Amino acid sequence: MAAVADEDSLRRALAQKQSSIDVQGGAVRQLKSSGAAKLDIEAAVQALNALKLEKASIESQLQAALAGAAGGGSSSASRDAFRQAVVNTLERRLFYIPSFKIYRGVAGLYDYGPPGCSVKSNVLSFWRQHFVLEENMLEVDCPCVTPEVVLKASGHVEKFTDLMVKDEKTGTCYRADHLLKDFCKEKLEKDFSLSAEKATELKHILAVLDDLSAEQLGAKIKEYGITAPDTKNPLSDPYPFNLMFQTSIGPSGVSPGYMRPETAQGIFVNFRDLYYYNGNKLPFAAAQIGQAFRNEISPRQGLLRVREFTLAEIEHFVDPQDKSHPKFSDVAKLEFLMFPRDDQVSGQCAKKLQLGEAVSQGTVNNETLGYFIGRVYLFLTRLGIDKDRLRFRQHLANEMAHYAADCWDAEIESSYGWIECVGIADRSAYDLRAHSEKSSVALVAQEKFSEPREVEKLVITPMKKELGLAFKGNQKMVTEALEAMEEKVAMEMKADLESKGEVEFHVCTLGKNVTIKKNMVSISKEIKKEHQRVFTPSVIEPSFGIGRIIYCLYEHSFYTRPSKAGDEQLNVFSFPPLVAPIKCTVFPLVQNQKYEEVAKLISKSLTAAGISHKIDITGTSIGKRYARTDELGVPFAITVDSTSSVTVRERDSKDQVRVDVEKVGSVVREVTDGLSSWADVLKMYPLHSSETAEE
């Protein structure tokens with residue numbers, strides 16, 4: 001809050017100083033027009049110039065305060081320059097490039113080159129190890145093409161939209177919230193004449209941007225005079241645009257489908273078979289890695305907003321009456337930046353909270369949700385994401401779906417600002433219920449009792465005759481929706497029907513509200529003997545945007561350092577060995593037949609150990625070869641300078657140790673596999689110093 005207070009006080013001081021300048025400027029003009037003495041005019045001008053200097057000083061302080069608030073004390077220009085350096089290096093070294101480049105490319109589509117594919121493969125491999133293997137998850141692989149009926153049931157056909165505005169003259173489309181966000185950020189960063197009150201208003205808009213309706217967005221765009229960025233033409237009112245790519249399945253065109261916007265639905269529709277495969281036991285989790293597709297309105301920000309991307313999603317099915325987690329104590333003591341919704345709305349900053357306390361105090365809804373938040377934190381930081389530029393932001397109340405119990409996003413700070421990279425949501429039982437209703441297949445779990453229990457049972461009896469008269473062809477869907485009501489909803493409906501005679505009821509398969517009258521349904525409770533409890537499981541869903549995580553990792557890993565001669569800056573990616581595209585390089589110091597034979601022998605041992613590596617027998621200087629591999633993020637380099645022992649160089653420290661040829665493969669394997677650290681290696685092997693090493 002100190003930074004916010006400083007900014008507000010500086011804006012007020014700036015406004016007061018500008019007022020003083022205006023008054024003094026008027027006094028100078030008055031003296032000149034009245035023919036005052038030259039000395040009096042010079043004194044007044046001197047006072048005016050002094051005020052202008054004071055104003056410039058306050059502007060500099062405000063600029064520094066704004067840069068600090070934006071992240072790391074860096075200005076917008078320096079962030080842009082840093083991003084450009086990263087992107088230029090990534091494209092030049094073929095980590096990724098625009099797709100169909102020779103045809104001038106297509107916005108929002110990118111190809112991964114060899115090092116990019118390796119980084120992505122390593123990230124996904126670690127994801128499988130960290131989640132699928134450690135949590136005994138059931139992995140599935142479902143088609144990208146999805147029938148319309150599935151996505152109607154899930155709500156995507158009706159609701160998977162962004163608000164769009166059009167340039168009224170050219171027809172160019174823009175995302176409405178992006179235009180408003182860009183306007184607010186630019187005013188806050190560059191308009192020093194902005195009053196403290198106006199700055200507070202713009203910050204509030206940024207905090208609740210995802211909360212704004214189409215009407216509210218449109219009103220703000222008009223109020224601030226926002227126009228089309230390229231032409232300055234007026235914009236249309238915001239309207240929803242469905243982000244799914246539509247297709248048809250089969251040649252007849254009568255079976256509509258979509259390219260899936262997420263991988264989750266494939267897991268939900270397979271719940272019954274997965275539950276059986278798991279021995280009819282809860283909790284269990286299913287996982288899937290695959291491509292997803294979203295027809296973004298105006299893709300930008302490189303890998304962060306694309307039209308085809310890789311998702312890794314987990315659906316953890318749990319008893320809604322017991323969301324505790326047996327391994328929660330493993331993560332309860334973790335402490336990291338969290339941004340609860342109350343702090344967002346009140347204009348505060350994210351702060352460090354202990355996860356166990358956040359769950360016990362109800363900030364995080366339940367232990368299972370908290371457990372996955374903790375596991376996501378460990379996953380991201382072990383990949384190489386800077387823990388001080390990672391926060392978990394809770395969704396605002398209106399940002400969440402009506403059925404969700406709680407939602408948090410893992411956001412990573414980049415040169416673009418805070419980027420949502422992982423969503424962790426308690427989706428309650430919505431998805432399984434929606435597919436149960438639409439498919440007429442019960443997606444439920446059972447809890448068998450050791451002895452029969454007398455339980456108070458909710459009995460919902462739809463009156464089919466009255467429902468048929470009222471809803472005709474939609475009777476079946478209304479009936480199924482009534483029968484699928486949760487107890488709380490049903491009892492609220494019963495009370496409303498008794499007091500008002502009718503009630504509005506949302507039928508998800510129809511996608512609208514209908515009016516239910518008292519004579520259309522009977523709701524009561526009866527005492528029954530039960531041998532088992534049948535229920536629809538709740539779902540905790542961590543969803544990972546792999547491309548976004550990788551791009552943020554690129555930025556967090558990138559730095560420059562001077563060459564030994566000091567005449568140029570060299571690029572370095574400080575990837576942990578876990579994700580580095582190549583773990584090790586092998587260089588003969590000079591072109592020599594004996595050294596090359598040793599290099600090939602070492603290469604063979606590295607291949608046998610499963611270590612990705614590159615052998616370079618070109619005659620280029622060793623310093624240039626080091627620089628080339630540092631720019632690819634290769635953590636270790638083996639230099640062959642004798643037939644009995646070699647040097648191993650660590651990328652970031654540039655320290656080298658001497659190791660016997662027979663042992664070097666196992667040394668590198670242990671460090672790259674995380675069995676030992678570079679510090680351990682330094683203790684075990686003699687430090688090597690060479691005058692020629694960094695030439």
# chains A, B, ... in the order shown; residues from 1 in each chain; ligands from 1
call {"tool": "select_by_dssp", "arguments": {"residues": "stretch 468-648 of chain A", "states": "alpha helix (DSSP H)", "output": "MDAnalysis selection string"}}
result
chainID A and resid 468:471 475:483 487:500 546:557 593:608 622:630
call {"tool": "residues_around", "arguments": {"residues": "stretch 372-384 of chain A", "least_positions_apart": "4", "cutoff": "9 Å", "atoms": "only C-alpha atoms", "output": "number ranges by chain"}}
result
A: 123, 126-127, 130-131, 328, 330-332, 334, 336, 355, 367-368, 390-392, 408-410, 422, 424, 540-542, 549, 553, 556-557, 574-576, 578-579
call {"tool": "write_last_selection", "arguments": {"atoms": "N, CA and C atoms", "output": "short mmCIF file (atom, residue, chain, number, x, y, z; two decimals), in the first residue's frame"}}
result
data_model
loop_
_atom_site.label_atom_id
_atom_site.label_comp_id
_atom_site.auth_asym_id
_atom_site.auth_seq_id
_atom_site.Cartn_x
_atom_site.Cartn_y
_atom_site.Cartn_z
N VAL A 123 8.97 -30.05 -20.14
CA VAL A 123 7.95 -29.51 -19.24
C VAL A 123 6.82 -30.52 -19.06
N PHE A 126 7.93 -33.53 -17.00
CA PHE A 126 7.94 -33.24 -15.56
C PHE A 126 6.51 -33.12 -15.03
N TRP A 127 5.59 -32.57 -15.84
CA TRP A 127 4.18 -32.48 -15.42
C TRP A 127 3.64 -33.88 -15.15
N HIS A 130 5.26 -35.13 -11.90
CA HIS A 130 4.85 -34.38 -10.71
C HIS A 130 3.39 -34.61 -10.34
N PHE A 131 2.54 -34.81 -11.35
CA PHE A 131 1.11 -34.97 -11.09
C PHE A 131 0.63 -36.39 -11.37
N PHE A 328 -2.59 -33.14 2.42
CA PHE A 328 -2.57 -31.68 2.52
C PHE A 328 -1.44 -31.18 3.43
N ASP A 330 1.46 -32.07 3.50
CA ASP A 330 2.72 -31.96 2.74
C ASP A 330 2.94 -30.55 2.20
N VAL A 331 1.84 -29.82 1.98
CA VAL A 331 1.96 -28.48 1.38
C VAL A 331 1.48 -27.36 2.31
N ALA A 332 0.94 -27.73 3.49
CA ALA A 332 0.29 -26.74 4.36
C ALA A 332 1.23 -25.63 4.81
N LEU A 334 3.71 -24.31 3.09
CA LEU A 334 4.20 -23.46 2.00
C LEU A 334 3.68 -22.03 2.17
N PHE A 336 3.53 -18.32 0.05
CA PHE A 336 3.77 -17.66 -1.23
C PHE A 336 2.75 -16.55 -1.42
N LEU A 355 -0.26 -21.40 3.23
CA LEU A 355 -1.38 -22.11 2.61
C LEU A 355 -2.30 -22.74 3.66
N GLU A 367 -9.55 -28.27 1.55
CA GLU A 367 -8.20 -28.84 1.56
C GLU A 367 -7.76 -29.35 0.18
N THR A 368 -8.67 -29.99 -0.56
CA THR A 368 -8.27 -30.55 -1.85
C THR A 368 -7.89 -29.43 -2.82
N LEU A 390 5.42 -14.84 -8.99
CA LEU A 390 4.33 -15.81 -9.11
C LEU A 390 3.33 -15.52 -8.00
N ARG A 391 2.06 -15.42 -8.35
CA ARG A 391 1.03 -15.20 -7.33
C ARG A 391 -0.20 -16.02 -7.67
N PHE A 392 -1.02 -16.26 -6.65
CA PHE A 392 -2.28 -16.99 -6.84
C PHE A 392 -3.41 -16.01 -6.57
N TRP A 408 -9.03 -20.16 -8.26
CA TRP A 408 -7.79 -19.40 -8.14
C TRP A 408 -6.99 -19.55 -9.44
N ASP A 409 -6.32 -18.48 -9.84
CA ASP A 409 -5.42 -18.54 -10.99
C ASP A 409 -3.99 -18.38 -10.53
N ALA A 410 -3.10 -19.24 -11.03
CA ALA A 410 -1.66 -19.01 -10.85
C ALA A 410 -1.26 -18.01 -11.93
N VAL A 422 -2.25 -20.94 -14.99
CA VAL A 422 -2.91 -22.14 -14.48
C VAL A 422 -4.19 -21.70 -13.77
N ILE A 424 -7.09 -23.08 -11.14
CA ILE A 424 -7.40 -24.17 -10.20
C ILE A 424 -8.79 -23.89 -9.65
N ILE A 540 -12.48 -30.98 -8.73
CA ILE A 540 -11.45 -29.95 -8.57
C ILE A 540 -10.60 -30.01 -9.85
N GLU A 541 -10.48 -28.87 -10.55
CA GLU A 541 -9.83 -28.87 -11.87
C GLU A 541 -8.65 -27.91 -11.93
N PRO A 542 -7.42 -28.43 -11.90
CA PRO A 542 -6.27 -27.61 -12.29
C PRO A 542 -6.07 -27.71 -13.81
N ILE A 549 3.08 -20.97 -19.80
CA ILE A 549 4.09 -21.28 -18.79
C ILE A 549 5.49 -21.24 -19.42
N LEU A 553 8.60 -18.80 -18.58
CA LEU A 553 9.88 -19.43 -18.22
C LEU A 553 11.01 -18.84 -19.06
N HIS A 556 11.77 -15.43 -17.55
CA HIS A 556 12.38 -15.52 -16.22
C HIS A 556 13.81 -16.07 -16.28
N SER A 557 14.12 -16.79 -17.35
CA SER A 557 15.44 -17.42 -17.47
C SER A 557 16.44 -16.58 -18.25
N SER A 574 18.99 -19.26 -18.47
CA SER A 574 19.44 -20.01 -17.28
C SER A 574 18.45 -21.12 -16.91
N PHE A 575 18.05 -21.93 -17.91
CA PHE A 575 17.11 -23.02 -17.64
C PHE A 575 17.68 -23.99 -16.60
N PRO A 576 16.85 -24.46 -15.67
CA PRO A 576 17.29 -25.58 -14.83
C PRO A 576 17.53 -26.80 -15.73
N LEU A 578 16.44 -29.60 -15.56
CA LEU A 578 15.16 -30.30 -15.73
C LEU A 578 14.49 -29.98 -17.07
N VAL A 579 14.53 -28.71 -17.49
CA VAL A 579 13.80 -28.30 -18.70
C VAL A 579 14.70 -27.88 -19.85
#
call {"tool": "closest_residue", "arguments": {"among": "A:Ala228, A:Leu311, A:Ala358, A:Ala565", "to": "A:Ala264", "atoms": "only C-alpha atoms"}}
result
A:Leu311
call {"tool": "residues_around", "arguments": {"residues": "A:Leu458", "least_positions_apart": "2", "cutoff": "8 Å", "atoms": "only C-alpha atoms", "output": "PyMOL selection string"}}
result
chain A and resi 456+460+487+523-526
call {"tool": "write_last_selection", "arguments": {"atoms": "N, CA, C and O atoms", "output": "PDB file, in the first residue's frame"}}
result
ATOM      1  N   GLU A 456     -33.342 -39.391   5.625  1.00  0.00           N
ATOM      2  CA  GLU A 456     -34.391 -38.517   5.113  1.00  0.00           C
ATOM      3  C   GLU A 456     -34.094 -38.269   3.635  1.00  0.00           C
ATOM      4  O   GLU A 456     -33.051 -37.728   3.288  1.00  0.00           O
ATOM      5  N   ILE A 460     -38.608 -35.803  -5.415  1.00  0.00           N
ATOM      6  CA  ILE A 460     -39.073 -34.800  -6.380  1.00  0.00           C
ATOM      7  C   ILE A 460     -39.931 -35.525  -7.413  1.00  0.00           C
ATOM      8  O   ILE A 460     -39.458 -36.422  -8.116  1.00  0.00           O
ATOM      9  N   GLU A 487     -30.508 -30.849  -3.149  1.00  0.00           N
ATOM     10  CA  GLU A 487     -31.481 -30.705  -2.063  1.00  0.00           C
ATOM     11  C   GLU A 487     -31.716 -29.240  -1.688  1.00  0.00           C
ATOM     12  O   GLU A 487     -32.856 -28.799  -1.519  1.00  0.00           O
ATOM     13  N   ILE A 523     -42.524 -31.623  -4.103  1.00  0.00           N
ATOM     14  CA  ILE A 523     -41.215 -31.772  -3.442  1.00  0.00           C
ATOM     15  C   ILE A 523     -41.463 -32.085  -1.973  1.00  0.00           C
ATOM     16  O   ILE A 523     -42.150 -31.335  -1.272  1.00  0.00           O
ATOM     17  N   SER A 524     -40.904 -33.201  -1.510  1.00  0.00           N
ATOM     18  CA  SER A 524     -41.094 -33.590  -0.105  1.00  0.00           C
ATOM     19  C   SER A 524     -39.896 -34.381   0.380  1.00  0.00           C
ATOM     20  O   SER A 524     -38.995 -34.711  -0.398  1.00  0.00           O
ATOM     21  N   LYS A 525     -39.905 -34.676   1.675  1.00  0.00           N
ATOM     22  CA  LYS A 525     -38.863 -35.531   2.252  1.00  0.00           C
ATOM     23  C   LYS A 525     -39.524 -36.732   2.913  1.00  0.00           C
ATOM     24  O   LYS A 525     -40.540 -36.593   3.602  1.00  0.00           O
ATOM     25  N   GLU A 526     -38.934 -37.899   2.688  1.00  0.00           N
ATOM     26  CA  GLU A 526     -39.463 -39.131   3.277  1.00  0.00           C
ATOM     27  C   GLU A 526     -38.338 -39.896   3.959  1.00  0.00           C
ATOM     28  O   GLU A 526     -37.183 -39.815   3.541  1.00  0.00           O
TER      29      GLU A 526
END
call {"tool": "closest_residue", "arguments": {"among": "A:Tyr559, A:Tyr430, A:Phe271, A:Phe192", "to": "A:Phe284", "atoms": "only C-alpha atoms"}}
result
A:Phe271
call {"tool": "residues_around", "arguments": {"residues": "A:His156", "least_positions_apart": "6", "cutoff": "9 Å", "atoms": "only C-alpha atoms", "output": "PDB file with N, CA, C and O atoms, in the first residue's frame"}}
result
ATOM      1  N   VAL A 150     -22.209 -32.493 -27.031  1.00  0.00           N
ATOM      2  CA  VAL A 150     -21.362 -32.497 -25.832  1.00  0.00           C
ATOM      3  C   VAL A 150     -21.123 -31.070 -25.341  1.00  0.00           C
ATOM      4  O   VAL A 150     -21.223 -30.769 -24.150  1.00  0.00           O
ATOM      5  N   ASN A 242     -18.600 -16.156 -30.166  1.00  0.00           N
ATOM      6  CA  ASN A 242     -18.228 -17.502 -29.710  1.00  0.00           C
ATOM      7  C   ASN A 242     -16.840 -17.860 -30.241  1.00  0.00           C
ATOM      8  O   ASN A 242     -16.559 -17.721 -31.431  1.00  0.00           O
ATOM      9  N   MET A 244     -15.283 -20.769 -30.399  1.00  0.00           N
ATOM     10  CA  MET A 244     -14.995 -22.131 -30.882  1.00  0.00           C
ATOM     11  C   MET A 244     -14.942 -22.181 -32.409  1.00  0.00           C
ATOM     12  O   MET A 244     -15.710 -21.505 -33.089  1.00  0.00           O
ATOM     13  N   PRO A 261     -12.435 -26.588 -27.201  1.00  0.00           N
ATOM     14  CA  PRO A 261     -11.804 -25.415 -26.597  1.00  0.00           C
ATOM     15  C   PRO A 261     -11.044 -25.760 -25.319  1.00  0.00           C
ATOM     16  O   PRO A 261     -10.347 -24.916 -24.750  1.00  0.00           O
TER      17      PRO A 261
END
call {"tool": "residues_around", "arguments": {"residues": "A:Trp678", "least_positions_apart": "4", "cutoff": "8 Å", "atoms": "only C-alpha atoms", "output": "MDAnalysis selection string"}}
result
chainID A and resid 650 671 682
call {"tool": "residues_around", "arguments": {"residues": "A:Val269", "least_positions_apart": "3", "cutoff": "10 Å", "atoms": "only C-alpha atoms", "output": "PyMOL selection string"}}
result
chain A and resi 150+264-266+272-274+431-432+435-436+439+441+443
call {"tool": "residues_around", "arguments": {"residues": "stretch 528-537 of chain A", "least_positions_apart": "5", "cutoff": "12 Å", "atoms": "only C-alpha atoms", "output": "PyMOL selection string"}}
result
chain A and resi 268+271-272+275+280-285+315-323+426-437+442-459+484-487
call {"tool": "atom_distance", "arguments": {"atom1": "atom CA of A:Ile221", "atom2": "atom CA of A:Leu180"}}
result
6.5 Å
call {"tool": "closest_residue", "arguments": {"among": "A:Thr231, A:Leu243, A:His395, A:Ser60", "to": "A:Leu209", "atoms": "only C-alpha atoms"}}
result
A:His395
call {"tool": "closest_residue", "arguments": {"among": "A:Lys494, A:Lys604, A:Lys594, A:His613", "to": "A:Pro577", "atoms": "only C-alpha atoms"}}
result
A:His613
call {"tool": "closest_residue", "arguments": {"among": "A:Glu168, A:Asp406, A:Glu134, A:Glu597", "to": "A:Pro340", "atoms": "only C-alpha atoms"}}
result
A:Asp406
call {"tool": "closest_residue", "arguments": {"among": "A:Thr247, A:Ser360, A:Ser543, A:Ser538", "to": "A:Thr263", "atoms": "only C-alpha atoms"}}
result
A:Ser543
call {"tool": "select_by_dssp", "arguments": {"residues": "stretch 541-666 of chain A", "states": "strand (DSSP E)", "output": "MDAnalysis selection string"}}
result
chainID A and resid 541:545 558:562 569:573 584:588 613:615 636:640 645:650 656:660
call {"tool": "write_last_selection", "arguments": {"atoms": "C-alpha atoms", "output": "PDB file, in the first residue's frame"}}
result
ATOM      1  CA  GLU A 541      -9.834 -28.872 -11.866  1.00  0.00           C
ATOM      2  CA  PRO A 542      -6.266 -27.612 -12.293  1.00  0.00           C
ATOM      3  CA  SER A 543      -5.860 -26.509 -15.939  1.00  0.00           C
ATOM      4  CA  PHE A 544      -2.388 -25.622 -17.292  1.00  0.00           C
ATOM      5  CA  GLY A 545      -1.700 -23.439 -20.331  1.00  0.00           C
ATOM      6  CA  PHE A 558      16.825 -14.790 -19.847  1.00  0.00           C
ATOM      7  CA  TYR A 559      19.686 -12.437 -19.014  1.00  0.00           C
ATOM      8  CA  THR A 560      22.719 -10.879 -20.708  1.00  0.00           C
ATOM      9  CA  ARG A 561      26.327 -10.634 -19.596  1.00  0.00           C
ATOM     10  CA  PRO A 562      29.402  -8.988 -21.133  1.00  0.00           C
ATOM     11  CA  GLN A 569      26.519  -8.428 -24.494  1.00  0.00           C
ATOM     12  CA  LEU A 570      25.963 -12.206 -24.662  1.00  0.00           C
ATOM     13  CA  ASN A 571      22.507 -13.762 -24.242  1.00  0.00           C
ATOM     14  CA  VAL A 572      21.974 -16.542 -21.707  1.00  0.00           C
ATOM     15  CA  PHE A 573      18.956 -18.703 -20.819  1.00  0.00           C
ATOM     16  CA  CYS A 584      25.156 -30.992 -22.223  1.00  0.00           C
ATOM     17  CA  THR A 585      27.555 -30.177 -25.064  1.00  0.00           C
ATOM     18  CA  VAL A 586      30.824 -31.948 -25.896  1.00  0.00           C
ATOM     19  CA  PHE A 587      33.689 -29.892 -27.412  1.00  0.00           C
ATOM     20  CA  PRO A 588      37.161 -31.012 -28.398  1.00  0.00           C
ATOM     21  CA  HIS A 613      23.575 -33.544 -25.849  1.00  0.00           C
ATOM     22  CA  LYS A 614      25.285 -31.994 -28.815  1.00  0.00           C
ATOM     23  CA  ILE A 615      28.808 -32.668 -30.052  1.00  0.00           C
ATOM     24  CA  PHE A 636      26.847 -28.029 -18.906  1.00  0.00           C
ATOM     25  CA  ALA A 637      29.699 -28.163 -21.407  1.00  0.00           C
ATOM     26  CA  ILE A 638      32.343 -30.899 -21.536  1.00  0.00           C
ATOM     27  CA  THR A 639      35.602 -29.733 -23.081  1.00  0.00           C
ATOM     28  CA  VAL A 640      38.013 -32.454 -24.247  1.00  0.00           C
ATOM     29  CA  SER A 645      40.375 -36.267 -18.281  1.00  0.00           C
ATOM     30  CA  VAL A 646      38.069 -33.469 -19.408  1.00  0.00           C
ATOM     31  CA  THR A 647      36.638 -30.251 -17.979  1.00  0.00           C
ATOM     32  CA  VAL A 648      32.949 -29.765 -17.164  1.00  0.00           C
ATOM     33  CA  ARG A 649      31.745 -26.133 -17.249  1.00  0.00           C
ATOM     34  CA  GLU A 650      28.588 -24.873 -15.537  1.00  0.00           C
ATOM     35  CA  GLN A 656      34.869 -25.655 -14.410  1.00  0.00           C
ATOM     36  CA  VAL A 657      35.962 -28.898 -12.766  1.00  0.00           C
ATOM     37  CA  ARG A 658      38.271 -31.619 -14.074  1.00  0.00           C
ATOM     38  CA  VAL A 659      36.789 -35.143 -14.275  1.00  0.00           C
ATOM     39  CA  ASP A 660      38.130 -38.460 -15.571  1.00  0.00           C
TER      40      ASP A 660
END
call {"tool": "atom_distance", "arguments": {"atom1": "atom CA of A:Arg294", "atom2": "atom CA of A:Cys184"}}
result
26.2 Å
call {"tool": "atom_distance", "arguments": {"atom1": "atom CA of A:Tyr103", "atom2": "atom CA of A:Asn233"}}
result
29.3 Å
